[in-house]
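Next comes input16.txt, a file with compact mmCIF, C-alpha atoms.
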```txt
# COMPACT_ATOMS: atom_id res chain seq x y z
CA MET A 8 41.71 -8.09 -29.35
CA SER A 9 38.51 -6.08 -29.34
CA THR A 10 36.16 -5.58 -26.42
CA ARG A 11 33.64 -7.85 -28.10
CA GLY A 12 36.25 -10.60 -28.46
CA LEU A 13 37.29 -10.17 -24.83
CA ALA A 14 33.68 -10.45 -23.67
CA PHE A 15 33.17 -13.53 -25.87
CA GLY A 16 36.30 -15.11 -24.39
CA GLY A 17 35.06 -14.35 -20.87
CA VAL A 18 31.72 -15.98 -21.53
CA MET A 19 33.39 -19.05 -23.06
CA CYS A 20 35.74 -19.22 -20.05
CA ALA A 21 32.81 -19.10 -17.63
CA LEU A 22 30.88 -21.77 -19.52
CA GLY A 23 33.96 -23.97 -19.83
CA SER A 24 34.79 -23.68 -16.15
CA VAL A 25 31.19 -24.57 -15.22
CA CYS A 26 31.49 -27.68 -17.39
CA ILE A 27 34.77 -28.65 -15.72
CA ILE A 28 33.27 -28.12 -12.25
CA LEU A 29 30.22 -30.21 -13.15
CA SER A 30 32.52 -32.90 -14.49
CA THR A 31 34.48 -33.08 -11.24
CA LEU A 32 31.37 -32.95 -9.07
CA PHE A 33 29.47 -35.72 -10.84
CA HIS A 34 32.48 -37.72 -12.15
CA LEU A 35 31.41 -37.46 -15.80
CA ILE A 36 33.44 -36.95 -18.95
CA SER A 37 30.63 -35.59 -21.14
CA PRO A 38 30.77 -32.02 -19.69
CA LEU A 39 34.43 -31.95 -20.72
CA ILE A 40 33.41 -32.58 -24.31
CA ILE A 41 31.06 -29.60 -24.10
CA ALA A 42 33.86 -27.55 -22.52
CA SER A 43 36.14 -28.41 -25.45
CA VAL A 44 33.48 -27.03 -27.80
CA PHE A 45 33.52 -23.76 -25.82
CA PHE A 46 37.31 -23.67 -25.93
CA CYS A 47 37.33 -24.31 -29.66
CA LEU A 48 34.76 -21.54 -30.18
CA SER A 49 36.87 -19.06 -28.23
CA ALA A 50 40.00 -19.97 -30.18
CA LYS A 51 38.20 -19.70 -33.52
CA LYS A 52 36.56 -16.37 -32.69
CA GLY A 53 39.34 -14.65 -30.77
CA GLY A 54 42.46 -16.34 -32.08
CA SER A 55 44.82 -18.94 -30.67
CA LEU A 56 46.13 -16.68 -27.90
CA CYS A 57 42.61 -15.98 -26.68
CA GLY A 58 41.85 -19.71 -26.80
CA VAL A 59 44.94 -20.59 -24.78
CA LEU A 60 44.15 -17.93 -22.17
CA VAL A 61 40.54 -19.13 -21.91
CA VAL A 62 41.71 -22.75 -21.53
CA ILE A 63 44.23 -21.91 -18.82
CA THR A 64 41.79 -19.71 -16.89
CA ALA A 65 38.89 -22.17 -17.11
CA ASN A 66 41.05 -25.09 -16.01
CA LEU A 67 42.44 -23.09 -13.07
CA ILE A 68 38.94 -22.07 -11.99
CA GLY A 69 37.75 -25.65 -12.40
CA PHE A 70 40.67 -26.94 -10.36
CA PHE A 71 40.30 -24.46 -7.51
CA VAL A 72 36.52 -24.88 -7.25
CA GLY A 73 36.05 -28.54 -8.17
CA GLY A 74 39.30 -29.99 -6.92
CA ILE A 75 41.12 -33.03 -8.23
CA GLY A 76 38.83 -35.63 -6.65
CA GLY A 77 38.23 -38.12 -9.45
CA GLY A 78 40.86 -37.12 -11.97
CA GLU A 79 38.47 -35.49 -14.43
CA ILE A 80 40.52 -32.30 -14.25
CA LEU A 81 43.44 -34.30 -15.63
CA PHE A 82 41.32 -35.35 -18.60
CA SER A 83 40.49 -31.70 -19.14
CA VAL A 84 44.06 -30.47 -18.84
CA LEU A 85 45.74 -33.27 -20.77
CA LEU A 86 43.15 -34.27 -23.37
CA PHE A 87 40.15 -32.11 -24.14
CA SER A 88 41.61 -28.62 -23.70
CA PRO A 89 44.74 -29.18 -25.83
CA LEU A 90 42.64 -31.01 -28.41
CA ALA A 91 40.42 -27.94 -28.81
CA ILE A 92 43.46 -25.70 -29.26
CA ILE A 93 45.09 -28.08 -31.76
CA VAL A 94 41.83 -28.31 -33.73
CA SER A 95 41.51 -24.55 -33.95
CA ALA A 96 45.22 -24.04 -34.71
CA THR A 97 45.09 -26.51 -37.61
CA GLU A 98 41.87 -25.01 -38.95
CA ARG A 99 43.58 -23.69 -42.08
CA LEU A 100 44.58 -27.21 -43.14
CA ASN A 101 41.22 -27.91 -44.79
CA LYS A 102 42.04 -26.70 -48.30
CA SER A 103 43.32 -29.77 -50.11
CA LEU A 104 43.44 -33.51 -49.55
CA SER A 105 47.14 -33.47 -48.62
CA LYS A 106 46.55 -30.77 -46.00
CA ILE A 107 43.58 -32.68 -44.59
CA ALA A 108 45.80 -35.77 -44.36
CA LEU A 109 48.46 -33.70 -42.56
CA ARG A 110 45.83 -32.47 -40.12
CA ALA A 111 44.65 -36.03 -39.53
CA ILE A 112 48.25 -37.09 -38.85
CA ILE A 113 48.68 -34.24 -36.35
CA LEU A 114 45.46 -35.16 -34.53
CA ALA A 115 46.32 -38.87 -34.58
CA ALA A 116 49.80 -38.19 -33.21
CA PHE A 117 48.35 -36.13 -30.36
CA SER A 118 45.75 -38.82 -29.61
CA ALA A 119 48.35 -41.59 -29.63
CA ALA A 120 50.70 -39.60 -27.41
CA ILE A 121 47.97 -39.00 -24.84
CA TYR A 122 46.98 -42.69 -24.91
CA ILE A 123 50.59 -43.73 -24.40
CA LEU A 124 50.79 -41.31 -21.46
CA PHE A 125 47.65 -42.75 -19.86
CA ALA A 126 48.78 -46.35 -20.50
CA THR A 127 52.21 -45.61 -19.02
CA VAL A 128 50.63 -44.12 -15.92
CA LEU A 129 48.41 -47.17 -15.50
CA ARG A 130 51.22 -49.64 -16.14
CA ASP A 131 54.15 -48.09 -14.31
CA ILE A 132 52.76 -45.81 -11.65
CA VAL A 133 49.54 -47.58 -10.69
CA GLY A 134 51.08 -51.03 -11.14
CA MET A 135 48.80 -52.79 -13.62
CA GLN A 136 51.51 -54.75 -15.47
CA ASP A 137 49.62 -58.04 -15.37
CA GLU A 138 46.46 -56.66 -17.00
CA PHE A 139 48.23 -55.33 -20.09
CA GLY A 140 47.67 -57.50 -23.12
CA LEU A 141 46.85 -57.15 -26.77
CA GLY A 142 43.44 -55.65 -25.99
CA VAL A 143 45.01 -52.58 -24.39
CA TYR A 144 46.94 -51.80 -27.56
CA ALA A 145 43.92 -52.52 -29.77
CA PHE A 146 41.97 -50.08 -27.63
CA GLY A 147 44.77 -47.56 -28.20
CA ALA A 148 44.31 -47.85 -31.96
CA ILE A 149 40.56 -47.40 -31.63
CA TRP A 150 41.13 -44.46 -29.25
CA THR A 151 43.37 -42.77 -31.83
CA VAL A 152 40.86 -43.15 -34.65
CA VAL A 153 37.93 -41.98 -32.53
CA LEU A 154 39.74 -38.89 -31.22
CA THR A 155 40.94 -37.99 -34.70
CA VAL A 156 37.38 -38.16 -36.04
CA PHE A 157 36.20 -36.23 -32.96
CA GLY A 158 38.71 -33.50 -33.79
CA PHE A 159 37.26 -33.08 -37.27
CA ALA A 160 33.71 -33.14 -35.88
CA LEU A 161 34.64 -30.57 -33.24
CA ASP A 162 36.01 -28.27 -35.93
CA ARG A 163 32.95 -28.60 -38.13
CA GLY A 164 30.52 -28.20 -35.22
CA ALA A 165 32.29 -25.07 -33.96
CA ALA A 166 32.26 -23.60 -37.46
CA ILE A 167 28.51 -24.22 -37.75
CA ILE A 168 27.85 -22.66 -34.34
CA LEU A 169 29.95 -19.60 -35.15
CA LYS A 170 28.30 -19.18 -38.54
CA ARG A 171 24.85 -19.36 -36.99
CA PHE A 172 25.23 -17.43 -33.75
CA ALA A 173 28.29 -15.17 -33.92
CA LYS A 174 28.38 -11.97 -35.91
CA ASN A 175 31.23 -11.57 -38.34
CA ASP A 176 33.61 -8.85 -37.18
```
Let's see the structure in the file written out as structure tokens.
Amino acid sequence: MSTRGLAFGGVMCALGSVCIILSTLFHLISPLIIASVFFCLSAKKGGSLCGVLVVITANLIGFFVGGIGGGEILFSVLLFSPLAIIVSATERLNKSLSKIALRAIILAAFSAAIYILFATVLRDIVGMQDEFGLGVYAFGAIWTVVLTVFGFALDRGAAIILKRFAKND
């Protein structure tokens, strides 16, 4: 990794950790979406290893400064950060329709797995067995579709930002 890539990763780590801290301070999810854009940019520009290191460092900084007060750090660690890394790792699957379908299946499988994890936590650990009906599973299907489309939008948005603002090395 070059010095320029290291500096870019450091800036993306700082911006991502600020977004995570703001998310935990104000109990909002929208800064985590912006942080996932920063993580995706760092993984696209510096490679997957750089992206993983930026994600780990930003989440650790966000945890130690912001704390685990409202659970937003869990959304960052379990949902938005891995989604950014998966999006950038499957970037090369945009060549043909079958590869795009494979990428959509990968993103949908990740989204469904995270939803099942959250639903299991709510049902078994928190104790919300009585509130689980057909609507919860319908929401899971909508969640999967929305996060899959968000993954494609995240990839396209990061590509546009890099094309516009980052120099080609």
| task | For stretch 73-87 of chain A, work out the shell of residues within 6 Å, counting all atoms listed in the file and skipping chain neighbours fewer than 4 positions away, then give it as a PyMOL selection string. | result | chain A and resi 28+31+43+69
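Between A:Ile68 and the candidates A:Ala116, A:Ala148, A:Leu39, A:Val25, the tightest atom-to-atom separation, counting all atoms listed in the file, involves A:Val25.
In this comparison, which uses all atoms listed in the file, the residue of A:Phe45, A:Ile121, A:Trp150, A:Ile168 approaching A:Val59 most closely is A:Phe45.
Between atom CA of A:Ser55 and atom CA of A:Ile93 the interatomic distance comes to 9.2 Å.
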| message | Please list as a ChimeraX atom specification every residue within 9 Å of A:Val44, counting all atoms listed in the file and excluding residues in the same chain fewer than 3 positions away. | response | /A:23,39-41,47-49,91,161-162,164-165
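Closest approach to A:Ala65 from the set A:Val153, A:Leu124, A:Ser30, A:Ser88 is made by A:Ser88, with distances taken over all atoms listed in the file.
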| message | I'd like the contact shell of A:Ala42 - 7 Å cut-off, all atoms listed in the file, skipping same-chain residues fewer than 4 positions apart - returned as a list of chain:residue names. | response | A:Gly23, A:Cys26, A:Ile27, A:Pro38, A:Phe46
Taking all atoms of stretch 122-129 of chain A that the file lists and extending 4 Å past them on each side, where is the centre of the axis-aligned box and how long are its edges? Answer in Å to one decimal, as lines of an AutoDock Vina configuration file.
```
center_x = 49.6
center_y = -44.2
center_z = -20.2
size_x = 13.2
size_y = 13.9
size_z = 17.4
```
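The space separating atom CA of A:Val152 from atom CA of A:Ala111 comes to 9.4 Å.
All residues of protein, DNA or RNA that reach within 12 Å of A:Leu56, judged by all atoms listed in the file and not counting those fewer than 4 positions away in the chain, are A:Met8, A:Gly12, A:Leu13, A:Gly16, A:Phe46, A:Cys47, A:Ser49, A:Ala50, A:Lys51, A:Lys52, A:Leu60, A:Val61, A:Val62, A:Ile63, A:Ile92, A:Ser95, A:Ala96.
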| said: What's the separation between atom CA of A:Arg130 and atom CA of A:Phe146, in Å to one decimal place? | reply: 14.8 Å
| query | Looking at all atoms listed in the file, which of A:Leu114, A:Val72, A:Leu169, A:Ala160 is the one that sits closest to A:Gly53? | reply | A:Leu169
| request: Would you please work out which residue, of A:Ala14, A:Ala115, A:Cys57, A:Val143, is nearest to A:Val156 when using only C-alpha atoms? | output: A:Ala115
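With distances taken over all atoms listed in the file, A:Tyr122 is the one residue among A:Leu22, A:Tyr122, A:Val128, A:Arg171 lying closest to A:Ile149.
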